[in-house]
>>> print(open('query_32.cif').read())   # mmCIF, C-alpha atoms
data_query
#
loop_
_atom_site.label_atom_id
_atom_site.label_comp_id
_atom_site.auth_asym_id
_atom_site.auth_seq_id
_atom_site.Cartn_x
_atom_site.Cartn_y
_atom_site.Cartn_z
CA LEU A 23 10.42 -9.83 3.64
CA PHE A 24 7.68 -10.02 6.27
CA LEU A 25 10.10 -9.09 9.07
CA PRO A 26 11.50 -6.03 7.23
CA SER A 27 7.96 -4.87 6.42
CA PHE A 28 7.00 -5.09 10.10
CA GLN A 29 10.16 -3.25 11.14
CA ASP A 30 9.61 -0.61 8.45
CA ILE A 31 6.09 0.27 9.61
CA PHE A 32 7.06 -0.09 13.27
CA GLY A 33 9.89 2.42 12.90
CA VAL A 34 7.93 4.94 10.85
CA SER A 35 4.82 4.77 13.05
CA MET A 36 7.01 5.54 16.10
CA VAL A 37 8.08 8.85 14.54
CA VAL A 38 5.15 10.11 12.46
CA PRO A 39 2.69 10.79 15.33
CA LEU A 40 5.36 12.94 17.05
CA MET A 41 6.38 15.03 14.04
CA ASN A 42 3.74 17.76 14.30
CA LEU A 43 4.59 18.33 17.97
CA HIS A 44 8.30 18.47 17.15
CA ILE A 45 8.03 20.97 14.29
CA LYS A 46 5.84 23.23 16.42
CA SER A 47 8.41 23.04 19.22
CA LEU A 48 10.94 24.37 16.68
CA GLY A 49 8.81 27.49 16.27
CA ALA A 50 6.95 26.65 13.06
CA SER A 51 3.40 27.89 12.60
CA HIS A 52 0.48 25.61 11.73
CA THR A 53 0.67 26.85 8.13
CA VAL A 54 4.37 26.04 7.77
CA ALA A 55 3.83 22.60 9.30
CA GLY A 56 0.98 21.98 6.85
CA ILE A 57 3.06 23.10 3.86
CA ILE A 58 5.92 20.75 4.77
CA GLY A 59 3.45 17.89 5.22
CA SER A 60 1.86 18.64 1.84
CA LEU A 61 5.24 18.80 0.11
CA TYR A 62 6.03 15.34 1.45
CA GLY A 63 2.75 14.07 -0.01
CA VAL A 64 3.48 15.68 -3.38
CA MET A 65 6.95 14.10 -3.50
CA GLN A 66 5.42 10.71 -2.72
CA LEU A 67 2.83 11.25 -5.45
CA PHE A 68 5.34 11.85 -8.24
CA SER A 69 8.15 9.58 -7.06
CA SER A 70 6.21 6.35 -6.45
CA THR A 71 5.63 5.62 -10.14
CA PHE A 72 9.23 6.43 -11.10
CA VAL A 73 10.76 4.40 -8.25
CA GLY A 74 8.47 1.43 -8.98
CA CYS A 75 9.38 1.54 -12.67
CA TRP A 76 13.06 1.94 -11.79
CA SER A 77 12.84 -1.28 -9.76
CA ASP A 78 11.65 -3.07 -12.92
CA ILE A 79 14.74 -1.83 -14.78
CA VAL A 80 17.63 -2.19 -12.32
CA GLY A 81 16.18 -5.09 -10.30
CA ARG A 82 14.48 -5.37 -6.92
CA GLN A 83 17.65 -5.82 -4.86
CA TYR A 84 19.40 -2.65 -5.97
CA SER A 85 16.28 -0.49 -5.87
CA LEU A 86 15.11 -1.84 -2.50
CA LEU A 87 18.53 -1.35 -0.92
CA ALA A 88 18.77 2.19 -2.34
CA CYS A 89 15.33 3.11 -0.98
CA ILE A 90 16.07 1.63 2.45
CA LEU A 91 19.45 3.36 2.84
CA LEU A 92 18.22 6.75 1.60
CA SER A 93 15.19 6.52 3.89
CA ALA A 94 17.57 5.77 6.77
CA LEU A 95 19.50 8.92 5.79
CA GLY A 96 16.28 10.93 5.93
CA TYR A 97 15.40 9.75 9.43
CA PHE A 98 19.00 10.26 10.57
CA LEU A 99 18.76 13.89 9.39
CA LEU A 100 15.40 14.14 11.16
CA GLY A 101 17.15 13.12 14.37
CA ASN A 102 19.46 16.11 13.90
CA SER A 103 16.74 18.61 12.94
CA THR A 104 17.17 21.46 15.38
CA THR A 105 15.65 24.04 13.00
CA VAL A 106 12.60 24.12 10.73
CA PHE A 107 14.90 24.23 7.66
CA LEU A 108 16.74 21.05 8.69
CA PHE A 109 13.38 19.40 9.40
CA ALA A 110 12.18 20.23 5.87
CA ILE A 111 15.47 18.98 4.33
CA SER A 112 15.18 15.68 6.20
CA ARG A 113 11.80 14.99 4.58
CA VAL A 114 13.21 15.17 1.02
CA PRO A 115 14.99 11.77 0.80
CA VAL A 116 12.11 10.10 2.66
CA GLY A 117 9.51 11.73 0.42
CA ILE A 118 11.29 10.56 -2.74
CA PHE A 119 12.56 7.11 -1.74
CA LYS A 120 10.22 5.85 1.00
CA HIS A 121 8.66 3.20 -1.27
CA THR A 122 10.14 0.11 0.36
CA LEU A 123 6.75 -1.56 0.89
CA SER A 124 5.74 -1.13 -2.77
CA ILE A 125 8.99 -2.66 -4.00
CA SER A 126 8.66 -5.49 -1.46
CA LYS A 127 5.18 -6.23 -2.81
CA ALA A 128 6.55 -6.25 -6.35
CA LEU A 129 9.25 -8.69 -5.23
CA LEU A 130 6.66 -10.95 -3.62
CA SER A 131 4.69 -10.84 -6.87
CA ASP A 132 7.84 -12.02 -8.69
CA LEU A 133 8.38 -14.89 -6.26
CA VAL A 134 4.91 -16.43 -5.83
CA SER A 135 2.34 -17.86 -8.21
CA GLU A 136 -0.82 -15.95 -9.09
CA ARG A 137 -2.82 -18.49 -7.09
CA ASP A 138 -0.91 -17.77 -3.88
CA ARG A 139 -0.47 -14.03 -4.43
CA PRO A 140 -3.59 -12.80 -2.52
CA LEU A 141 -2.71 -15.05 0.45
CA VAL A 142 0.89 -13.83 0.59
CA MET A 143 -0.10 -10.19 0.10
CA GLY A 144 -2.66 -10.54 2.88
CA ARG A 145 -0.06 -11.87 5.30
CA PHE A 146 2.35 -9.13 4.21
CA ASN A 147 -0.27 -6.46 4.98
CA ALA A 148 -1.00 -8.16 8.30
CA ALA A 149 2.68 -7.97 9.28
CA SER A 150 2.70 -4.28 8.36
CA SER A 151 -0.47 -3.65 10.38
CA VAL A 152 1.09 -5.19 13.49
CA GLY A 153 3.91 -2.69 13.19
CA PHE A 154 1.38 0.13 12.89
CA ILE A 155 -0.35 -1.00 16.09
CA VAL A 156 2.83 -1.37 18.19
CA GLY A 157 4.86 1.55 16.83
CA PRO A 158 2.81 4.51 18.15
CA VAL A 159 2.76 2.98 21.64
CA VAL A 160 6.56 2.65 21.76
CA GLY A 161 7.02 6.09 20.20
CA GLY A 162 4.69 7.69 22.73
CA TYR A 163 6.59 6.05 25.57
CA LEU A 164 9.98 7.25 24.29
CA ALA A 165 8.62 10.77 23.73
CA GLU A 166 8.13 11.15 27.48
CA PHE A 167 11.90 11.25 28.00
CA LYS A 168 14.10 14.29 27.41
CA GLY A 169 15.11 14.42 23.75
CA GLY A 170 12.68 11.59 23.10
CA PHE A 171 11.91 12.65 19.52
CA TYR A 172 15.57 12.65 18.53
CA GLN A 173 16.10 9.23 20.11
CA THR A 174 13.03 7.87 18.33
CA SER A 175 14.29 9.21 14.97
CA PHE A 176 17.71 7.59 15.46
CA ILE A 177 16.06 4.29 16.40
CA CYS A 178 13.94 4.51 13.23
CA ALA A 179 17.06 5.16 11.12
CA SER A 180 18.78 2.19 12.79
CA ILE A 181 15.80 -0.03 11.97
CA PHE A 182 16.10 0.93 8.30
CA LEU A 183 19.80 0.10 8.36
CA LEU A 184 18.97 -3.26 9.92
CA ASN A 185 16.43 -3.84 7.15
CA GLY A 186 19.13 -3.03 4.59
CA GLY A 187 21.28 -5.77 6.09
CA LEU A 188 18.41 -8.25 6.03
CA VAL A 189 17.65 -7.45 2.38
CA TRP A 190 21.33 -7.82 1.50
CA LEU A 191 21.35 -11.29 3.08
CA LEU A 192 18.28 -12.47 1.13
CA PRO A 193 19.08 -15.35 -1.28
CA TRP A 194 18.86 -13.40 -4.55
CA SER A 195 19.04 -15.89 -7.42
CA GLU A 196 17.48 -16.63 -10.78
CA GLU A 197 15.87 -19.77 -9.36
CA ASN A 198 13.95 -17.79 -6.74
CA THR A 199 12.72 -15.14 -9.16
CA SER A 200 11.47 -17.77 -11.59
CA ASN A 201 9.47 -19.86 -9.09
CA ARG A 202 6.16 -18.44 -10.27
CA ASP A 203 6.86 -19.16 -13.93
CA HIS A 204 8.01 -22.72 -13.11
CA TYR A 205 4.86 -23.31 -11.08
CA GLN A 206 2.67 -22.19 -13.95
CA ASP A 207 4.62 -24.25 -16.53
CA LYS A 208 3.99 -27.50 -14.61
CA GLU A 209 0.20 -27.25 -14.36
CA THR A 210 -1.02 -26.20 -17.81
CA ASN A 211 -2.04 -28.16 -20.92
CA SER A 212 0.25 -28.54 -23.94
CA PHE A 213 -0.84 -25.30 -25.60
CA SER A 214 -0.59 -23.28 -22.39
CA ALA A 215 2.71 -24.98 -21.56
CA LYS A 216 4.23 -23.75 -24.81
CA SER A 217 2.88 -20.25 -24.19
CA ASN A 218 4.19 -20.18 -20.62
CA HIS A 219 7.53 -21.61 -21.77
CA ASP A 220 7.88 -18.72 -24.19
CA HIS A 221 6.91 -16.33 -21.41
CA HIS A 222 9.50 -18.00 -19.15
CA LEU A 223 12.22 -17.44 -21.75
CA LYS A 224 11.09 -13.84 -22.17
CA SER A 225 11.12 -13.29 -18.41
CA ALA A 226 14.55 -14.86 -18.05
CA THR A 227 15.88 -12.61 -20.82
CA SER A 228 14.29 -9.58 -19.15
CA ARG A 229 15.93 -10.50 -15.86
CA ALA A 230 19.31 -10.86 -17.54
CA VAL A 231 18.90 -7.41 -19.04
CA THR A 232 17.65 -6.08 -15.70
CA ASN A 233 20.71 -7.31 -13.84
CA SER A 234 22.97 -5.31 -16.19
CA SER A 235 20.68 -2.27 -16.31
CA PHE A 236 21.95 -1.01 -12.97
CA PHE A 237 25.27 -0.18 -14.63
CA GLN A 238 23.69 1.63 -17.59
CA SER A 239 23.82 5.38 -18.02
CA PRO A 240 21.31 7.25 -15.81
CA TRP A 241 19.91 8.87 -18.96
CA ILE A 242 19.20 5.45 -20.47
CA GLN A 243 17.47 4.41 -17.24
CA VAL A 244 15.34 7.58 -17.22
CA ALA A 245 14.36 7.05 -20.87
CA THR A 246 13.37 3.44 -20.12
CA VAL A 247 11.36 4.54 -17.08
CA LEU A 248 9.44 7.10 -19.15
CA LYS A 249 8.78 4.52 -21.86
CA LYS A 250 7.36 2.05 -19.33
CA ILE A 251 5.16 4.71 -17.72
CA LYS A 252 3.84 5.69 -21.15
CA GLY A 253 2.96 2.04 -21.79
CA ILE A 254 0.97 1.85 -18.54
CA ALA A 255 -0.76 5.18 -19.27
CA CYS A 256 -1.89 3.92 -22.69
CA SER A 257 -3.09 0.54 -21.39
CA ASN A 258 -6.63 -0.55 -20.55
CA LEU A 259 -6.08 -0.32 -16.79
CA TRP A 260 -7.83 3.03 -16.32
CA ASP A 261 -10.92 1.42 -14.76
CA VAL A 262 -8.86 -0.58 -12.25
CA PHE A 263 -6.99 2.52 -11.11
CA LEU A 264 -10.23 4.52 -11.01
CA VAL A 265 -11.83 1.91 -8.75
CA ARG A 266 -8.76 2.04 -6.50
CA PHE A 267 -8.95 5.84 -6.37
CA LEU A 268 -12.67 5.94 -5.55
CA MET A 269 -12.48 3.27 -2.84
CA SER A 270 -9.38 4.80 -1.22
CA VAL A 271 -11.03 8.25 -1.09
CA ALA A 272 -14.20 6.67 0.32
CA ILE A 273 -12.29 4.98 3.15
CA LEU A 274 -10.27 8.15 3.86
CA LEU A 275 -13.51 10.15 4.06
CA TYR A 276 -14.93 7.62 6.52
CA TYR A 277 -11.96 8.07 8.87
CA SER A 278 -11.43 11.80 8.22
CA ASN A 279 -13.74 13.06 10.98
CA PHE A 280 -14.38 9.79 12.78
CA THR A 281 -13.36 11.00 16.24
CA LEU A 282 -15.12 14.36 15.98
CA ALA A 283 -18.32 12.82 14.58
CA LEU A 284 -18.55 10.26 17.39
CA GLU A 285 -18.14 13.04 19.94
CA GLU A 286 -20.85 15.20 18.33
CA ARG A 287 -23.31 12.39 17.56
CA PHE A 288 -23.02 10.16 20.63
CA GLY A 289 -21.09 12.22 23.19
CA VAL A 290 -18.29 9.64 23.54
CA LYS A 291 -14.79 10.66 24.60
CA ARG A 292 -11.95 10.89 22.11
CA LEU A 293 -10.06 8.21 24.01
CA PHE A 294 -12.87 5.75 23.21
CA ALA A 295 -12.61 6.63 19.51
CA GLY A 296 -8.88 5.92 19.67
CA TYR A 297 -9.52 2.53 21.25
CA LEU A 298 -12.10 1.77 18.56
CA MET A 299 -9.64 2.59 15.77
CA SER A 300 -6.96 0.40 17.39
CA TYR A 301 -9.52 -2.37 17.67
CA SER A 302 -10.26 -2.04 13.95
CA SER A 303 -6.54 -2.15 13.12
CA ALA A 304 -6.15 -5.37 15.13
CA LEU A 305 -9.07 -6.91 13.24
CA GLY A 306 -7.38 -5.87 10.01
CA VAL A 307 -4.41 -8.05 10.97
CA LEU A 308 -6.77 -10.98 11.53
CA ALA A 309 -8.43 -10.33 8.15
CA GLY A 310 -5.05 -10.51 6.43
CA CYS A 311 -4.39 -13.92 8.00
CA LEU A 312 -7.83 -15.20 6.91
CA LEU A 313 -7.45 -14.08 3.31
CA GLY A 314 -6.17 -17.49 2.20
CA PRO A 315 -9.31 -19.45 3.18
CA ILE A 316 -11.51 -16.64 1.80
CA THR A 317 -9.81 -16.68 -1.62
CA ARG A 318 -10.12 -20.47 -1.76
CA LEU A 319 -13.83 -20.10 -0.99
CA TYR A 320 -14.08 -17.76 -3.98
CA ARG A 321 -12.01 -20.16 -6.10
CA HIS A 322 -9.32 -17.45 -6.43
CA ASN A 323 -11.67 -15.15 -8.35
CA THR A 324 -10.16 -11.82 -7.31
CA TYR A 325 -12.66 -9.72 -9.23
CA ARG A 326 -15.70 -11.27 -7.56
CA LEU A 327 -14.08 -11.00 -4.12
CA LEU A 328 -13.24 -7.33 -4.75
CA LEU A 329 -16.78 -6.60 -5.94
CA HIS A 330 -18.33 -8.24 -2.89
CA SER A 331 -15.89 -6.62 -0.41
CA SER A 332 -16.53 -3.19 -1.97
CA THR A 333 -20.29 -3.74 -1.73
CA VAL A 334 -19.93 -4.73 1.93
CA THR A 335 -17.74 -1.68 2.59
CA CYS A 336 -20.32 0.62 1.00
CA THR A 337 -23.12 -0.98 3.03
CA LEU A 338 -21.20 -0.72 6.31
CA ILE A 339 -20.37 2.95 5.79
CA LEU A 340 -24.06 3.57 5.08
CA LEU A 341 -24.88 1.69 8.30
CA TYR A 342 -22.44 3.94 10.18
CA VAL A 343 -24.08 7.08 8.72
CA SER A 344 -27.53 5.97 9.88
CA ALA A 345 -26.40 4.38 13.18
CA PRO A 346 -28.85 5.19 16.02
CA SER A 347 -26.40 4.17 18.78
CA ILE A 348 -22.71 3.67 19.44
CA TRP A 349 -23.20 -0.11 19.40
CA MET A 350 -24.16 0.05 15.74
CA VAL A 351 -20.95 1.99 15.07
CA ILE A 352 -18.92 -0.72 16.82
CA LEU A 353 -20.67 -3.38 14.74
CA SER A 354 -20.01 -1.57 11.47
CA SER A 355 -16.37 -0.89 12.42
CA THR A 356 -15.85 -4.58 13.20
CA PHE A 357 -16.87 -5.83 9.77
CA LEU A 358 -15.45 -2.80 7.95
CA ALA A 359 -11.97 -3.77 9.13
CA PHE A 360 -12.37 -7.08 7.29
CA SER A 361 -13.88 -5.69 4.09
CA THR A 362 -11.34 -2.88 3.65
CA THR A 363 -8.35 -5.17 4.28
CA ILE A 364 -9.65 -7.69 1.75
CA GLY A 365 -10.42 -4.92 -0.74
CA ARG A 366 -6.91 -3.40 -0.54
CA THR A 367 -5.30 -6.78 -1.21
CA CYS A 368 -7.68 -7.68 -4.04
CA ILE A 369 -7.22 -4.42 -5.94
CA ILE A 370 -3.43 -4.94 -5.97
CA ASP A 371 -3.88 -8.51 -7.20
CA LEU A 372 -6.31 -7.33 -9.90
CA GLU A 373 -3.81 -4.68 -11.08
CA LEU A 374 -1.10 -7.31 -11.47
CA THR A 375 -3.46 -9.84 -13.10
CA VAL A 376 -4.89 -7.45 -15.70
CA GLY A 377 -1.65 -5.55 -16.27
CA GLY A 378 0.70 -8.53 -16.32
CA ASN A 379 3.76 -9.15 -14.17
CA GLU A 380 6.50 -7.93 -16.53
CA ALA A 381 6.26 -4.44 -15.00
CA SER A 382 4.86 -5.20 -11.55
CA GLY A 383 6.95 -2.48 -9.92
CA THR A 384 5.57 0.11 -12.33
CA LEU A 385 1.99 -1.06 -11.77
CA LEU A 386 2.35 -0.92 -7.99
CA GLY A 387 4.02 2.48 -8.24
CA VAL A 388 1.19 3.89 -10.34
CA GLY A 389 -1.32 2.42 -7.90
CA GLN A 390 0.49 4.09 -5.01
CA SER A 391 0.40 7.40 -6.89
CA VAL A 392 -3.35 7.01 -7.35
CA THR A 393 -3.74 6.46 -3.61
CA SER A 394 -1.56 9.52 -2.94
CA VAL A 395 -3.88 11.64 -5.06
CA GLY A 396 -6.73 10.37 -2.90
CA ARG A 397 -4.87 11.40 0.25
CA ILE A 398 -4.51 14.92 -1.15
CA ILE A 399 -8.12 15.27 -2.29
CA ALA A 400 -9.89 13.53 0.62
CA PRO A 401 -9.15 16.21 3.27
CA LEU A 402 -10.54 18.92 0.97
CA LEU A 403 -13.72 16.96 0.26
CA SER A 404 -14.08 16.15 3.94
CA GLY A 405 -13.80 19.79 4.95
CA VAL A 406 -16.50 20.85 2.49
CA ALA A 407 -18.82 17.96 3.44
CA GLN A 408 -18.48 18.70 7.17
CA GLU A 409 -19.93 22.15 6.58
CA PHE A 410 -23.29 20.46 6.02
CA SER A 411 -23.26 17.65 8.60
CA PRO A 412 -20.98 15.51 10.78
CA CYS A 413 -22.17 12.64 8.59
CA GLY A 414 -21.27 14.55 5.41
CA PRO A 415 -17.87 12.88 4.72
CA PRO A 416 -19.08 9.27 5.20
CA SER A 417 -22.22 10.05 3.18
CA LEU A 418 -20.02 11.24 0.33
CA ALA A 419 -17.94 8.07 0.81
CA VAL A 420 -21.05 5.96 0.20
CA GLY A 421 -21.64 7.75 -3.10
CA LEU A 422 -18.05 7.24 -4.27
CA ALA A 423 -18.13 3.56 -3.33
CA LEU A 424 -21.35 3.13 -5.30
CA VAL A 425 -19.68 4.66 -8.37
CA ALA A 426 -16.77 2.20 -7.98
CA ILE A 427 -19.21 -0.72 -7.79
CA VAL A 428 -20.99 0.48 -10.93
CA ILE A 429 -17.64 0.70 -12.80
CA MET A 430 -16.72 -2.84 -11.76
CA ASN A 431 -20.09 -4.15 -12.95
CA ALA A 432 -19.76 -2.27 -16.25
CA ASN A 433 -16.40 -3.97 -16.91
CA LYS A 434 -17.49 -7.37 -15.63
CA GLN A 435 -16.71 -9.24 -18.86
CA LYS A 436 -13.09 -8.03 -18.99
CA TYR A 437 -12.42 -9.12 -15.44
CA ARG A 438 -14.11 -12.48 -16.04
CA ASN A 439 -11.87 -13.12 -19.04
CA HIS A 440 -8.75 -12.48 -16.98
CA GLY A 441 -10.18 -14.59 -14.16
CA SER A 442 -10.76 -17.54 -16.47
CA VAL A 443 -7.20 -17.31 -17.81
CA LYS A 444 -5.91 -17.16 -14.22
CA LEU A 445 -7.86 -20.29 -13.28
CA LYS A 446 -6.52 -22.19 -16.33
CA ASN A 447 -2.98 -21.28 -15.39
CA GLN A 448 -3.55 -22.77 -11.96
#
>>> encode(input="query_32.cif", output="structure tokens")
Amino acid sequence: LFLPSFQDIFGVSMVVPLMNLHIKSLGASHTVAGIIGSLYGVMQLFSSTFVGCWSDIVGRQYSLLACILLSALGYFLLGNSTTVFLFAISRVPVGIFKHTLSISKALLSDLVSERDRPLVMGRFNAASSVGFIVGPVVGGYLAEFKGGFYQTSFICASIFLLNGGLVWLLPWSEENTSNRDHYQDKETNSFSAKSNHDHHLKSATSRAVTNSSFFQSPWIQVATVLKKIKGIACSNLWDVFLVRFLMSVAILLYYSNFTLALEERFGVKRLFAGYLMSYSSALGVLAGCLLGPITRLYRHNTYRLLLHSSTVTCTLILLYVSAPSIWMVILSSTFLAFSTTIGRTCIIDLELTVGGNEASGTLLGVGQSVTSVGRIIAPLLSGVAQEFSPCGPPSLAVGLALVAIVIMNANKQKYRNHGSVKLKNQ
């Protein structure tokens, strides 16, 4: 799964930076290009929850293969987009079904124990980040050739097809999907062993139903999806998703005018800002690899690690706002790469810990929808804040991060209870 995730991000990041230039070369105005980009974001917003929940019903293999193949179709159509209309049509299957990373994370959650989940998720994110670093370089190189965008789109579609083959060859079996439950059953006391045994039987029954759900009527699948989403909406996870929303908007605000602010505040060239962002991305990969030792240092207390990483993120953004020189910006960017990577992994782990693993695809889908809302709102907030100061967006980010920290402290007891149960199960 790590190799497909790298290839996924590598392929997409080759194409995405070139898309605005391509659609403008087709004769589209800035407004039309913006509308198409917004429609893609809206489709992602509404489809992520449904696709994640659908993966809980029909199983990870079928849903992951469907998303990979339909995404490949989208990029194949993009490689044939010689008009603005064809370009817009090509974004539809990608906007609806490009949720391969979320389903892969749900699958990893099914396969590993809660103790190892942050470590595995961290390495998964690191593999994805490597693809994000390499992809734009390769895409920029290919774009220099005649018809480079079309070639890049076909290569991206081919990568998705290759990923489909890799996923098809994965050893899908009941033994693999029950590894986490077996791990937990071995290391608990007699009372917990009985409880986990019952949970194991329930999970096995759910998987048996899931394997046959793919052949059910689409109407039955839709009704089941809506029922699961209603269950998540009525759960006590609102504070977890609110924290995710606030922190994601805060980080987006920090990066929203990063290049322009550095140019206005310190007179540095935009090329330097690009190097600095690539440097931060590389450090993010390192942070993902170091997540295992860090979680062991915190005794696998995800809540406490999330609280501390969010506090560090808030402090570093504040340091960036008040930075007197470019060296202070470099210092804050260095440590911010670590804190944001750790925070993203911990919030996913906390969602799955508090919400349970029976509907991990639904939980990850809802979380992705929350992040999508942040991506829609952040540019608007950034534009308003920049009217006052180049430091307006990151200053607003500090305020939102502080609110998230206050919410986590207000719900400290709930997170501690789940943390204690998690430690007992380990």
>>> closest_residue(input="query_32.cif", among="A:Ser303, A:Ser69, A:Asn433, A:Ser27", to="Gly117 (chain A)", atoms="all atoms listed in the file")
A:Ser69
>>> atom_distance(input="query_32.cif", atom1="CA of Gln408 (chain A)", atom2="CA of Ser270 (chain A)")
18.6 Å
>>> resolve_selection(input="query_32.cif", expression="the PyMOL selection byres ((chain A and resi 76) around 8)", output="list in words")
Phe72, Val73, Gly74, Cys75, Ser77, Asp78, Ile79, Val80, Gly81, Ser85, Gln243, Val247, Gly383 and Thr384 of chain A
>>> closest_residue(input="query_32.cif", among="A:Leu298, A:Leu341, A:Leu67, A:Leu329", to="Ala432 (chain A)", atoms="all atoms listed in the file")
A:Leu329
>>> residues_around(input="query_32.cif", residues="Leu327 (chain A)", least_positions_apart="6", cutoff="9 Å", atoms="all atoms listed in the file", output="tab-separated table (two decimals) with C-alpha atoms, in the coordinates of the input")
chain	number	residue	atom	x	y	z
A	316	ILE	CA	-11.51	-16.64	1.80
A	317	THR	CA	-9.81	-16.68	-1.62
A	320	TYR	CA	-14.08	-17.76	-3.98
A	364	ILE	CA	-9.65	-7.69	1.75
A	365	GLY	CA	-10.42	-4.92	-0.74
A	368	CYS	CA	-7.68	-7.68	-4.04
>>> residues_around(input="query_32.cif", residues="Ile111 (chain A)", least_positions_apart="6", cutoff="9 Å", atoms="all atoms listed in the file", output="PyMOL selection string")
chain A and resi 96+99-100+103
>>> resolve_selection(input="query_32.cif", expression="the PyMOL selection byres ((chain A and resi 267) around 9)", output="number ranges by chain")
A: 262-266, 268-272, 389, 392-396, 426
>>> closest_residue(input="query_32.cif", among="A:Leu284, A:Leu358, A:Met430, A:Leu40", to="Thr337 (chain A)", atoms="all atoms listed in the file")
A:Leu358
>>> resolve_selection(input="query_32.cif", expression="the PyMOL selection byres ((chain A and resi 109) around 12)", output="ChimeraX atom specification")
/A:41-42,44-50,54-55,58-59,62,96-108,110-116,172,175
>>> atom_distance(input="query_32.cif", atom1="CA of Leu319 (chain A)", atom2="CA of Val142 (chain A)")
16.1 Å
>>> atom_distance(input="query_32.cif", atom1="CA of Ile181 (chain A)", atom2="CA of Gly33 (chain A)")
6.5 Å
>>> axis_aligned_box(input="query_32.cif", around="region 402-406 of chain A", padding_each_side="6 Å", output="AutoDock Vina command-line options")
--center_x -13.5 --center_y 18.5 --center_z 2.6 --size_x 18.0 --size_y 16.7 --size_z 16.7
>>> closest_residue(input="query_32.cif", among="A:Met299, A:Cys413, A:Ile429, A:Gln390", to="Trp260 (chain A)", atoms="only C-alpha atoms")
A:Ile429
>>> residues_near_point(input="query_32.cif", point="(14.9, 0.0, 9.6)", cutoff="7 Å", atoms="only C-alpha atoms", output="VMD selection string")
chain A and resid 29 to 30 33 94 178 to 185
>>> residues_near_point(input="query_32.cif", point="(2.2, 3.9, -6.2)", cutoff="6 Å", atoms="only C-alpha atoms", output="list in words")
Ser70, Thr71, Leu386, Gly387, Val388, Gly389, Gln390 and Ser391 of chain A
>>> write_last_selection(input="query_32.cif", atoms="C-alpha atoms", output="PDB file, in the frame of the given file")
ATOM      1  CA  SER A  70       6.210   6.350  -6.450  1.00  0.00           C
ATOM      2  CA  THR A  71       5.630   5.620 -10.140  1.00  0.00           C
ATOM      3  CA  LEU A 386       2.350  -0.920  -7.990  1.00  0.00           C
ATOM      4  CA  GLY A 387       4.020   2.480  -8.240  1.00  0.00           C
ATOM      5  CA  VAL A 388       1.190   3.890 -10.340  1.00  0.00           C
ATOM      6  CA  GLY A 389      -1.320   2.420  -7.900  1.00  0.00           C
ATOM      7  CA  GLN A 390       0.490   4.090  -5.010  1.00  0.00           C
ATOM      8  CA  SER A 391       0.400   7.400  -6.890  1.00  0.00           C
TER       9      SER A 391
END
>>> residues_around(input="query_32.cif", residues="Asp138 (chain A)", least_positions_apart="4", cutoff="9 Å", atoms="all atoms listed in the file", output="list in words")
Val134, Val142, Met143, Gly314 and His322 of chain A
>>> write_last_selection(input="query_32.cif", atoms="C-alpha atoms", output="short mmCIF file (atom, residue, chain, number, x, y, z; two decimals), in the frame of the given file")
data_model
loop_
_atom_site.label_atom_id
_atom_site.label_comp_id
_atom_site.auth_asym_id
_atom_site.auth_seq_id
_atom_site.Cartn_x
_atom_site.Cartn_y
_atom_site.Cartn_z
CA VAL A 134 4.91 -16.43 -5.83
CA VAL A 142 0.89 -13.83 0.59
CA MET A 143 -0.10 -10.19 0.10
CA GLY A 314 -6.17 -17.49 2.20
CA HIS A 322 -9.32 -17.45 -6.43
#
>>> closest_residue(input="query_32.cif", among="A:Leu275, A:Ala359, A:Leu340, A:Met36", to="Ile177 (chain A)", atoms="all atoms listed in the file")
A:Met36
